[in-house]
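Asker: If you scroll down you'll find the structure; I have some questions about it.
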Amino acid sequence: HGKKPFPPKEKEEAKEIKVSKTDPDSGYYVKDEREKMFAYSFHTACDAKGFVLATKVTGANIHDSQVFGQLLEQVIEKVGKPTAVAVDAGYKTPANAKSLLDKEIRPVMPYTRPRTKDGFFKKYEYVYDEHYDCYICPNNQILEYRTTTREGYRQYASNPEICKTCPFLEKCTQNKDHIKFIHRHIWEHYVEEADHLRHTEINKNIYEKRKETIERVFADGKEKHGMRWTTLRRLGKLSMQAMLTFAAMNLKK
């Protein structure tokens with residue numbers, strides 16, 4: 001009997017993570033090509049009058065959406081359950097929308113622009129059919145469910161035999177196999193509910209107040225309390241600085 005050779009398993013591409021030698025608690029923040037630095041993020045919640053209710057300090061490489069749950073629990077525990085919560089685009093995720101709606105708290109979330117390339121159909125132009133769990137494309141063809149990813153996204157795919165002769169193909173996909181894929185999070189309907197509420201007068205009024213409440217808090221923190229740059233290192237010290245600074249700002253108010 002002979003031996004059957006097995007090809008070597010392809011190595012997964014390593015993810016490069018930059019760590020500061022002087023302050024490993026900080027995170028590498030990238031805004032654009034010119035703005036790259038090790039920094040911290042102060043995630044903060046305030047009430048309708050601008051009083052700071054809770055704060056959480058993390059490395060700047062931690063995404064906003066990952067901290068939202070902890071911040072909300074702090075507010076509920078220390079102050080009580082709010083009737084509505086306004087957030088910026090960084091916190092607009094299916095998990096956060098679900099968390100608010102499950103707790104019967106009104107989500108006030110902003111409009112987020114579709115990330116589709118110019119000249120291509122936007123995602124909203126593909127209609128989701130909840131009953132048959134499929135998408136219908138602008139040419140009235142069906143994209144059927146295929147699989148669910150580890151990240152919780154359900155994948156829908158078109159029929160390449162139909163797509164390759166479609167007059168809209170160039171506006172639909174650049175896939176070499178003529179297959180259009182659409183991904184929908186298992187909690188996408190919570191984001192859709194938040195988007196419906198966005199058009200109500202209540203949400204418009206609440207979101208409008210962000211610039212005179214939480215935006216004011218950050219502006220004062222940077223301009224009057226030295227928060228634009230940190231003179232301290234390590235998460236513990238930065239957390240204490242955040243608590244003391246916001247306590248002082250509340251007392252001043």
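We label chains A, B, ... in the order they appear in the structure tokens, count residues from 1 in each chain, and number ligands from 1 in the order shown.
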Kindly assemble as CSV a list of the segment 162-215 of chain A residues that lie within 8 Å of segment 96-116 of chain A, each paired with its nearest atom pair and their distance in Å to one decimal, using only C-alpha atoms, sorted first by chain and then by ascending residue number.

Answerer:
residue,atom,partner,partner_atom,distance
A:Trp187,CA,A:Lys98,CA,6.9
A:Tyr190,CA,A:Lys98,CA,5.5
A:Val191,CA,A:Ala97,CA,5.7
A:Ala194,CA,A:Pro107,CA,5.9
A:Asp195,CA,A:Met109,CA,7.3
A:Leu197,CA,A:Val108,CA,7.5
A:Arg198,CA,A:Val108,CA,6.6
A:Asn203,CA,A:Val108,CA,5.7
A:Ile206,CA,A:Val108,CA,7.3
A:Tyr207,CA,A:Val108,CA,6.5

Asker: Please write the residues from the selection above to a file, keeping all heavy atoms, as a PDB file, in the first residue's frame.

Answerer:
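Printed below is again.pdb as written:
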ATOM      1  N   TRP A 187     -30.115  40.101  13.735  1.00  0.00           N
ATOM      2  CA  TRP A 187     -30.869  41.112  14.489  1.00  0.00           C
ATOM      3  C   TRP A 187     -31.098  42.377  13.664  1.00  0.00           C
ATOM      4  O   TRP A 187     -31.358  43.447  14.208  1.00  0.00           O
ATOM      5  CB  TRP A 187     -30.119  41.476  15.779  1.00  0.00           C
ATOM      6  CG  TRP A 187     -30.009  40.339  16.742  1.00  0.00           C
ATOM      7  CD1 TRP A 187     -30.872  39.293  16.898  1.00  0.00           C
ATOM      8  CD2 TRP A 187     -28.965  40.122  17.699  1.00  0.00           C
ATOM      9  NE1 TRP A 187     -30.439  38.436  17.883  1.00  0.00           N
ATOM     10  CE2 TRP A 187     -29.264  38.915  18.399  1.00  0.00           C
ATOM     11  CE3 TRP A 187     -27.811  40.829  18.048  1.00  0.00           C
ATOM     12  CZ2 TRP A 187     -28.446  38.417  19.404  1.00  0.00           C
ATOM     13  CZ3 TRP A 187     -26.997  40.325  19.051  1.00  0.00           C
ATOM     14  CH2 TRP A 187     -27.310  39.141  19.717  1.00  0.00           C
ATOM     15  N   TYR A 190     -34.018  44.872  14.266  1.00  0.00           N
ATOM     16  CA  TYR A 190     -33.949  45.855  15.355  1.00  0.00           C
ATOM     17  C   TYR A 190     -33.406  47.189  14.831  1.00  0.00           C
ATOM     18  O   TYR A 190     -33.877  48.258  15.230  1.00  0.00           O
ATOM     19  CB  TYR A 190     -33.058  45.343  16.489  1.00  0.00           C
ATOM     20  CG  TYR A 190     -33.654  44.197  17.278  1.00  0.00           C
ATOM     21  CD1 TYR A 190     -33.284  42.877  17.034  1.00  0.00           C
ATOM     22  CD2 TYR A 190     -34.596  44.432  18.281  1.00  0.00           C
ATOM     23  CE1 TYR A 190     -33.825  41.820  17.755  1.00  0.00           C
ATOM     24  CE2 TYR A 190     -35.150  43.380  19.019  1.00  0.00           C
ATOM     25  CZ  TYR A 190     -34.755  42.077  18.746  1.00  0.00           C
ATOM     26  OH  TYR A 190     -35.304  41.044  19.470  1.00  0.00           O
ATOM     27  N   VAL A 191     -32.417  47.119  13.933  1.00  0.00           N
ATOM     28  CA  VAL A 191     -31.877  48.341  13.315  1.00  0.00           C
ATOM     29  C   VAL A 191     -32.943  48.987  12.430  1.00  0.00           C
ATOM     30  O   VAL A 191     -33.087  50.214  12.398  1.00  0.00           O
ATOM     31  CB  VAL A 191     -30.607  48.026  12.483  1.00  0.00           C
ATOM     32  CG1 VAL A 191     -30.081  49.288  11.793  1.00  0.00           C
ATOM     33  CG2 VAL A 191     -29.520  47.434  13.359  1.00  0.00           C
ATOM     34  N   ALA A 194     -35.265  50.878  14.564  1.00  0.00           N
ATOM     35  CA  ALA A 194     -34.629  52.142  14.977  1.00  0.00           C
ATOM     36  C   ALA A 194     -34.667  53.151  13.833  1.00  0.00           C
ATOM     37  O   ALA A 194     -34.876  54.354  14.062  1.00  0.00           O
ATOM     38  CB  ALA A 194     -33.196  51.885  15.420  1.00  0.00           C
ATOM     39  N   ASP A 195     -34.498  52.675  12.600  1.00  0.00           N
ATOM     40  CA  ASP A 195     -34.552  53.570  11.434  1.00  0.00           C
ATOM     41  C   ASP A 195     -35.965  54.119  11.204  1.00  0.00           C
ATOM     42  O   ASP A 195     -36.132  55.258  10.776  1.00  0.00           O
ATOM     43  CB  ASP A 195     -34.051  52.841  10.185  1.00  0.00           C
ATOM     44  CG  ASP A 195     -32.528  52.838  10.091  1.00  0.00           C
ATOM     45  OD1 ASP A 195     -31.909  53.766  10.633  1.00  0.00           O
ATOM     46  OD2 ASP A 195     -31.975  51.907   9.484  1.00  0.00           O
ATOM     47  N   LEU A 197     -38.120  54.699  13.626  1.00  0.00           N
ATOM     48  CA  LEU A 197     -38.326  55.688  14.693  1.00  0.00           C
ATOM     49  C   LEU A 197     -37.586  56.991  14.406  1.00  0.00           C
ATOM     50  O   LEU A 197     -37.971  58.048  14.896  1.00  0.00           O
ATOM     51  CB  LEU A 197     -37.848  55.112  16.037  1.00  0.00           C
ATOM     52  CG  LEU A 197     -38.684  53.963  16.619  1.00  0.00           C
ATOM     53  CD1 LEU A 197     -37.951  53.312  17.790  1.00  0.00           C
ATOM     54  CD2 LEU A 197     -40.054  54.456  17.059  1.00  0.00           C
ATOM     55  N   ARG A 198     -36.526  56.909  13.600  1.00  0.00           N
ATOM     56  CA  ARG A 198     -35.713  58.096  13.277  1.00  0.00           C
ATOM     57  C   ARG A 198     -36.548  59.205  12.633  1.00  0.00           C
ATOM     58  O   ARG A 198     -36.235  60.386  12.769  1.00  0.00           O
ATOM     59  CB  ARG A 198     -34.575  57.662  12.335  1.00  0.00           C
ATOM     60  CG  ARG A 198     -33.580  58.746  11.997  1.00  0.00           C
ATOM     61  CD  ARG A 198     -32.385  58.159  11.262  1.00  0.00           C
ATOM     62  NE  ARG A 198     -32.739  57.468  10.041  1.00  0.00           N
ATOM     63  CZ  ARG A 198     -32.973  58.064   8.874  1.00  0.00           C
ATOM     64  NH1 ARG A 198     -32.872  59.385   8.788  1.00  0.00           N
ATOM     65  NH2 ARG A 198     -33.294  57.369   7.807  1.00  0.00           N
ATOM     66  N   ASN A 203     -37.860  61.508  18.099  1.00  0.00           N
ATOM     67  CA  ASN A 203     -36.459  61.181  17.844  1.00  0.00           C
ATOM     68  C   ASN A 203     -35.678  62.368  17.288  1.00  0.00           C
ATOM     69  O   ASN A 203     -34.527  62.603  17.668  1.00  0.00           O
ATOM     70  CB  ASN A 203     -36.353  59.990  16.877  1.00  0.00           C
ATOM     71  CG  ASN A 203     -36.504  58.656  17.584  1.00  0.00           C
ATOM     72  OD1 ASN A 203     -37.400  58.497  18.414  1.00  0.00           O
ATOM     73  ND2 ASN A 203     -35.645  57.707  17.264  1.00  0.00           N
ATOM     74  N   ILE A 206     -34.920  64.746  20.173  1.00  0.00           N
ATOM     75  CA  ILE A 206     -33.911  64.200  21.100  1.00  0.00           C
ATOM     76  C   ILE A 206     -32.527  64.240  20.456  1.00  0.00           C
ATOM     77  O   ILE A 206     -31.554  64.669  21.083  1.00  0.00           O
ATOM     78  CB  ILE A 206     -34.261  62.753  21.527  1.00  0.00           C
ATOM     79  CG1 ILE A 206     -35.528  62.728  22.377  1.00  0.00           C
ATOM     80  CG2 ILE A 206     -33.103  62.118  22.303  1.00  0.00           C
ATOM     81  CD1 ILE A 206     -36.073  61.345  22.679  1.00  0.00           C
ATOM     82  N   TYR A 207     -32.432  63.816  19.194  1.00  0.00           N
ATOM     83  CA  TYR A 207     -31.118  63.774  18.536  1.00  0.00           C
ATOM     84  C   TYR A 207     -30.545  65.175  18.351  1.00  0.00           C
ATOM     85  O   TYR A 207     -29.327  65.375  18.443  1.00  0.00           O
ATOM     86  CB  TYR A 207     -31.206  63.054  17.186  1.00  0.00           C
ATOM     87  CG  TYR A 207     -29.840  62.611  16.702  1.00  0.00           C
ATOM     88  CD1 TYR A 207     -29.244  61.467  17.226  1.00  0.00           C
ATOM     89  CD2 TYR A 207     -29.130  63.363  15.764  1.00  0.00           C
ATOM     90  CE1 TYR A 207     -27.969  61.074  16.820  1.00  0.00           C
ATOM     91  CE2 TYR A 207     -27.858  62.972  15.363  1.00  0.00           C
ATOM     92  CZ  TYR A 207     -27.286  61.827  15.878  1.00  0.00           C
ATOM     93  OH  TYR A 207     -26.020  61.450  15.498  1.00  0.00           O
TER      94      TYR A 207
END

Asker: Need the shell around segment 122-131 of chain A: protein/DNA/RNA residues with any atom at most 12 Å away, counting only C-alpha atoms. Skip same-chain ones fewer than 5 positions apart. Format as JSON, numbers by chain?

Answerer: {"A": [113, 114, 115, 116, 117, 136, 137, 138, 139, 140, 141, 142, 143, 144, 145, 156, 157, 158, 171, 172, 173, 180, 181, 182, 183, 184, 186, 188, 189, 192]}

Asker: Just the selected residues (N, CA, C and O atoms), exported as a CSV table (one decimal), in the first residue's frame, please.

Answerer:
chain,number,residue,atom,x,y,z
A,113,ARG,N,-25.1,56.5,6.0
A,113,ARG,CA,-25.1,56.5,4.5
A,113,ARG,C,-24.7,55.1,4.0
A,113,ARG,O,-23.8,54.5,4.6
A,114,PRO,N,-25.4,54.6,3.0
A,114,PRO,CA,-25.0,53.3,2.4
A,114,PRO,C,-23.5,53.3,1.9
A,114,PRO,O,-23.1,54.3,1.4
A,115,ARG,N,-22.8,52.2,2.1
A,115,ARG,CA,-21.4,52.2,1.8
A,115,ARG,C,-21.1,51.6,0.4
A,115,ARG,O,-20.1,51.1,0.1
A,116,THR,N,-22.2,51.6,-0.4
A,116,THR,CA,-22.1,51.0,-1.8
A,116,THR,C,-21.2,51.9,-2.7
A,116,THR,O,-21.3,53.1,-2.6
A,117,LYS,N,-20.5,51.3,-3.6
A,117,LYS,CA,-19.7,52.1,-4.6
A,117,LYS,C,-20.7,52.9,-5.5
A,117,LYS,O,-21.8,52.4,-5.8
A,136,ILE,N,-35.3,40.2,-3.0
A,136,ILE,CA,-35.7,40.3,-4.4
A,136,ILE,C,-35.0,41.5,-5.0
A,136,ILE,O,-35.0,42.6,-4.4
A,137,CYS,N,-34.3,41.2,-6.1
A,137,CYS,CA,-33.4,42.2,-6.7
A,137,CYS,C,-34.2,43.2,-7.6
A,137,CYS,O,-35.4,42.9,-7.8
A,138,PRO,N,-33.6,44.3,-8.0
A,138,PRO,CA,-34.3,45.3,-8.9
A,138,PRO,C,-34.9,44.7,-10.2
A,138,PRO,O,-35.7,45.2,-10.8
A,139,ASN,N,-34.4,43.5,-10.6
A,139,ASN,CA,-34.9,42.8,-11.8
A,139,ASN,C,-35.9,41.7,-11.4
A,139,ASN,O,-36.2,40.8,-12.2
A,140,ASN,N,-36.4,41.8,-10.2
A,140,ASN,CA,-37.4,40.8,-9.7
A,140,ASN,C,-37.0,39.4,-9.6
A,140,ASN,O,-37.8,38.5,-9.8
A,141,GLN,N,-35.7,39.2,-9.4
A,141,GLN,CA,-35.1,37.8,-9.2
A,141,GLN,C,-34.8,37.6,-7.7
A,141,GLN,O,-34.6,38.5,-7.0
A,142,ILE,N,-34.8,36.3,-7.4
A,142,ILE,CA,-34.7,36.0,-5.9
A,142,ILE,C,-33.2,35.6,-5.5
A,142,ILE,O,-32.6,34.9,-6.3
A,143,LEU,N,-32.8,36.2,-4.4
A,143,LEU,CA,-31.5,35.8,-3.8
A,143,LEU,C,-31.9,34.9,-2.6
A,143,LEU,O,-32.5,35.4,-1.6
A,144,GLU,N,-31.5,33.6,-2.7
A,144,GLU,CA,-31.9,32.7,-1.6
A,144,GLU,C,-30.9,32.6,-0.5
A,144,GLU,O,-29.7,32.9,-0.7
A,145,TYR,N,-31.4,32.2,0.7
A,145,TYR,CA,-30.5,32.0,1.9
A,145,TYR,C,-29.5,30.9,1.6
A,145,TYR,O,-29.9,29.9,1.1
A,156,TYR,N,-27.2,35.7,1.6
A,156,TYR,CA,-28.2,35.4,0.5
A,156,TYR,C,-27.5,35.6,-0.8
A,156,TYR,O,-26.6,36.5,-1.0
A,157,ALA,N,-27.8,34.7,-1.8
A,157,ALA,CA,-27.0,34.7,-3.1
A,157,ALA,C,-28.0,34.5,-4.2
A,157,ALA,O,-29.0,33.8,-4.1
A,158,SER,N,-27.6,35.1,-5.3
A,158,SER,CA,-28.4,35.1,-6.6
A,158,SER,C,-28.1,33.8,-7.4
A,158,SER,O,-27.1,33.1,-7.1
A,171,LYS,N,-24.5,47.1,-12.7
A,171,LYS,CA,-24.9,47.9,-11.6
A,171,LYS,C,-25.1,47.1,-10.3
A,171,LYS,O,-25.3,47.7,-9.3
A,172,CYS,N,-25.0,45.8,-10.5
A,172,CYS,CA,-25.3,44.9,-9.4
A,172,CYS,C,-24.1,44.3,-8.7
A,172,CYS,O,-23.9,44.4,-7.5
A,173,THR,N,-23.2,43.7,-9.5
A,173,THR,CA,-22.1,43.0,-8.9
A,173,THR,C,-20.9,42.9,-9.8
A,173,THR,O,-21.1,42.9,-11.0
A,180,LYS,N,-24.5,37.6,-7.0
A,180,LYS,CA,-24.7,38.8,-6.1
A,180,LYS,C,-25.0,38.2,-4.7
A,180,LYS,O,-25.8,37.4,-4.5
A,181,PHE,N,-24.1,38.7,-3.7
A,181,PHE,CA,-24.3,38.3,-2.3
A,181,PHE,C,-24.8,39.5,-1.5
A,181,PHE,O,-24.4,40.6,-1.7
A,182,ILE,N,-25.8,39.2,-0.6
A,182,ILE,CA,-26.3,40.2,0.4
A,182,ILE,C,-26.2,39.6,1.8
A,182,ILE,O,-26.5,38.4,2.0
A,183,HIS,N,-25.7,40.3,2.7
A,183,HIS,CA,-25.6,39.9,4.1
A,183,HIS,C,-26.6,40.6,5.0
A,183,HIS,O,-26.7,41.8,4.9
A,184,ARG,N,-27.3,39.9,5.8
A,184,ARG,CA,-28.3,40.5,6.7
A,184,ARG,C,-28.0,39.9,8.1
A,184,ARG,O,-28.1,38.7,8.3
A,186,ILE,N,-28.7,38.7,11.9
A,186,ILE,CA,-29.9,38.0,12.5
A,186,ILE,C,-30.7,39.0,13.3
A,186,ILE,O,-31.9,38.7,13.6
A,188,GLU,N,-31.0,42.3,12.3
A,188,GLU,CA,-31.2,43.4,11.5
A,188,GLU,C,-32.5,44.1,11.7
A,188,GLU,O,-32.6,45.4,11.5
A,189,HIS,N,-33.6,43.4,12.0
A,189,HIS,CA,-34.9,44.0,12.1
A,189,HIS,C,-34.9,45.0,13.3
A,189,HIS,O,-35.8,45.9,13.3
A,192,GLU,N,-33.7,48.2,11.7
A,192,GLU,CA,-34.8,48.7,10.9
A,192,GLU,C,-35.9,49.4,11.7
A,192,GLU,O,-36.4,50.4,11.3

Asker: Write out as a VMD selection string all residues of segment 86-224 of chain A that backbone DSSP assigns to helix (DSSP H, G or I).

Answerer: chain A and resid 89 to 91 94 to 102 123 to 125 160 to 163 169 to 172 188 to 197 201 to 212 214 to 224

Asker: Give me, as a PDB file with N, CA and C atoms, in the first residue's frame, all polymer residues having an atom no more than 10 Å from Ile62 of chain A, counting only C-alpha atoms and skipping those fewer than 4 positions away in the same chain.

Answerer:
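And here's around.pdb as it stands now:
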ATOM      1  N   SER A  26      -2.863  51.619  26.238  1.00  0.00           N
ATOM      2  CA  SER A  26      -3.400  52.500  25.192  1.00  0.00           C
ATOM      3  C   SER A  26      -3.639  51.697  23.912  1.00  0.00           C
ATOM      4  N   GLY A  27      -4.409  52.256  22.989  1.00  0.00           N
ATOM      5  CA  GLY A  27      -4.715  51.573  21.726  1.00  0.00           C
ATOM      6  C   GLY A  27      -4.277  52.406  20.541  1.00  0.00           C
ATOM      7  N   TYR A  28      -3.893  51.742  19.464  1.00  0.00           N
ATOM      8  CA  TYR A  28      -3.420  52.458  18.263  1.00  0.00           C
ATOM      9  C   TYR A  28      -4.622  52.971  17.491  1.00  0.00           C
ATOM     10  N   TYR A  29      -4.713  54.286  17.401  1.00  0.00           N
ATOM     11  CA  TYR A  29      -5.872  54.953  16.780  1.00  0.00           C
ATOM     12  C   TYR A  29      -5.494  55.448  15.391  1.00  0.00           C
ATOM     13  N   TYR A  40      -6.352  56.993  24.103  1.00  0.00           N
ATOM     14  CA  TYR A  40      -7.443  56.415  24.886  1.00  0.00           C
ATOM     15  C   TYR A  40      -8.767  57.002  24.406  1.00  0.00           C
ATOM     16  N   SER A  41      -9.858  56.276  24.651  1.00  0.00           N
ATOM     17  CA  SER A  41     -11.200  56.784  24.364  1.00  0.00           C
ATOM     18  C   SER A  41     -11.974  56.897  25.669  1.00  0.00           C
ATOM     19  N   VAL A  57     -13.410  54.196  30.283  1.00  0.00           N
ATOM     20  CA  VAL A  57     -12.191  54.500  29.533  1.00  0.00           C
ATOM     21  C   VAL A  57     -11.636  53.217  28.935  1.00  0.00           C
ATOM     22  N   THR A  58     -11.275  53.270  27.640  1.00  0.00           N
ATOM     23  CA  THR A  58     -10.675  52.113  26.960  1.00  0.00           C
ATOM     24  C   THR A  58      -9.525  52.601  26.075  1.00  0.00           C
ATOM     25  N   GLN A  66     -18.603  48.145  21.277  1.00  0.00           N
ATOM     26  CA  GLN A  66     -18.265  47.116  22.263  1.00  0.00           C
ATOM     27  C   GLN A  66     -18.449  47.612  23.698  1.00  0.00           C
ATOM     28  N   VAL A  67     -18.489  48.905  23.903  1.00  0.00           N
ATOM     29  CA  VAL A  67     -18.532  49.485  25.246  1.00  0.00           C
ATOM     30  C   VAL A  67     -19.947  49.897  25.637  1.00  0.00           C
TER      31      VAL A  67
END

Asker: Using the chain letters and numbers from this document, which residues of segment 7-54 of chain A does DSSP assign to strand (DSSP E), as a compact mmCIF listing (two decimals) with C-alpha atoms, in the first residue's frame?

Answerer:
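Done, and the output landed in states-v2.txt:
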# COMPACT_ATOMS: atom_id res chain seq x y z
CA GLY A 27 -4.72 51.57 21.73
CA TYR A 28 -3.42 52.46 18.26
CA TYR A 29 -5.87 54.95 16.78
CA VAL A 30 -6.06 55.53 13.02
CA LYS A 36 -2.18 57.85 13.71
CA MET A 37 -1.30 57.63 17.40
CA PHE A 38 -1.54 55.66 20.64
CA ALA A 39 -4.51 57.05 22.55
CA TYR A 40 -7.44 56.41 24.89
CA SER A 41 -11.20 56.78 24.36
CA PHE A 42 -13.54 58.21 26.99
CA HIS A 43 -16.99 56.68 26.40
CA THR A 44 -19.50 58.86 28.23
CA ALA A 45 -23.24 59.15 28.87
CA CYS A 46 -25.04 62.28 30.04
CA VAL A 52 -22.40 63.20 33.14
CA LEU A 53 -24.00 59.97 34.41
CA ALA A 54 -21.40 57.33 33.50

Asker: Contacts of Leu244 of chain A at 12 Å or less, counting only C-alpha atoms, minus same-chain residues fewer than 5 places along, as JSON, numbers by chain?

Answerer: {"A": [52, 54, 55, 221, 225, 227, 237, 238, 239, 249, 250, 251]}

Asker: For the residues in that selection, give me N, CA and C atoms as a compact mmCIF listing (two decimals), in the first residue's frame.

Answerer:
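Generated output (selection.txt):
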# COMPACT_ATOMS: atom_id res chain seq x y z
N VAL A 52 -23.01 64.50 33.48
CA VAL A 52 -22.40 63.20 33.14
C VAL A 52 -22.91 62.15 34.12
N ALA A 54 -22.27 58.51 33.49
CA ALA A 54 -21.40 57.33 33.50
C ALA A 54 -20.27 57.53 32.50
N THR A 55 -19.15 56.86 32.75
CA THR A 55 -18.04 56.91 31.80
C THR A 55 -17.23 55.63 31.87
N GLY A 221 -14.49 69.39 28.12
CA GLY A 221 -13.43 68.53 28.62
C GLY A 221 -12.11 68.78 27.91
N HIS A 225 -10.43 71.41 30.41
CA HIS A 225 -9.95 70.45 31.41
C HIS A 225 -8.82 69.55 30.90
N MET A 227 -8.32 67.57 28.36
CA MET A 227 -8.59 66.21 27.89
C MET A 227 -8.16 65.98 26.43
N LYS A 237 -5.10 55.00 35.92
CA LYS A 237 -4.92 56.44 36.14
C LYS A 237 -5.85 57.26 35.25
N LEU A 238 -6.00 56.81 34.00
CA LEU A 238 -6.90 57.54 33.07
C LEU A 238 -8.35 57.45 33.52
N SER A 239 -8.73 56.30 34.08
CA SER A 239 -10.11 56.13 34.57
C SER A 239 -10.37 57.06 35.75
N MET A 249 -16.85 68.81 36.53
CA MET A 249 -17.72 69.46 35.54
C MET A 249 -19.17 69.45 36.01
N ASN A 250 -19.60 68.35 36.64
CA ASN A 250 -20.97 68.28 37.17
C ASN A 250 -21.17 69.29 38.30
N LEU A 251 -20.16 69.41 39.18
CA LEU A 251 -20.24 70.36 40.30
C LEU A 251 -20.30 71.80 39.78

Asker: Rounded to one decimal, what separation in Å do you get between atom CA of Thr213 of chain A and atom CA of Lys49 of chain A?

Answerer: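 Atom CA of Thr213 of chain A sits 6.4 Å away from atom CA of Lys49 of chain A.
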
Asker: Just the number, please: distance in Å from atom CA of Asp23 of chain A to atom CA of Arg234 of chain A, one decimal.

Answerer: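 Between atom CA of Asp23 of chain A and atom CA of Arg234 of chain A the gap works out to 6.0 Å.
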
Asker: Atom CA of Gly80 of chain A to atom CA of His199 of chain A: how many Å, to one decimal?

Answerer: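 Computed distance, atom CA of Gly80 of chain A to atom CA of His199 of chain A, equals 26.7 Å.
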
Asker: Pick out the closest residue to Arg154 of chain A from this set: A:Arg216, A:Cys134, A:Lys209, A:His185. Count only C-alpha atoms.

Answerer: A:His185
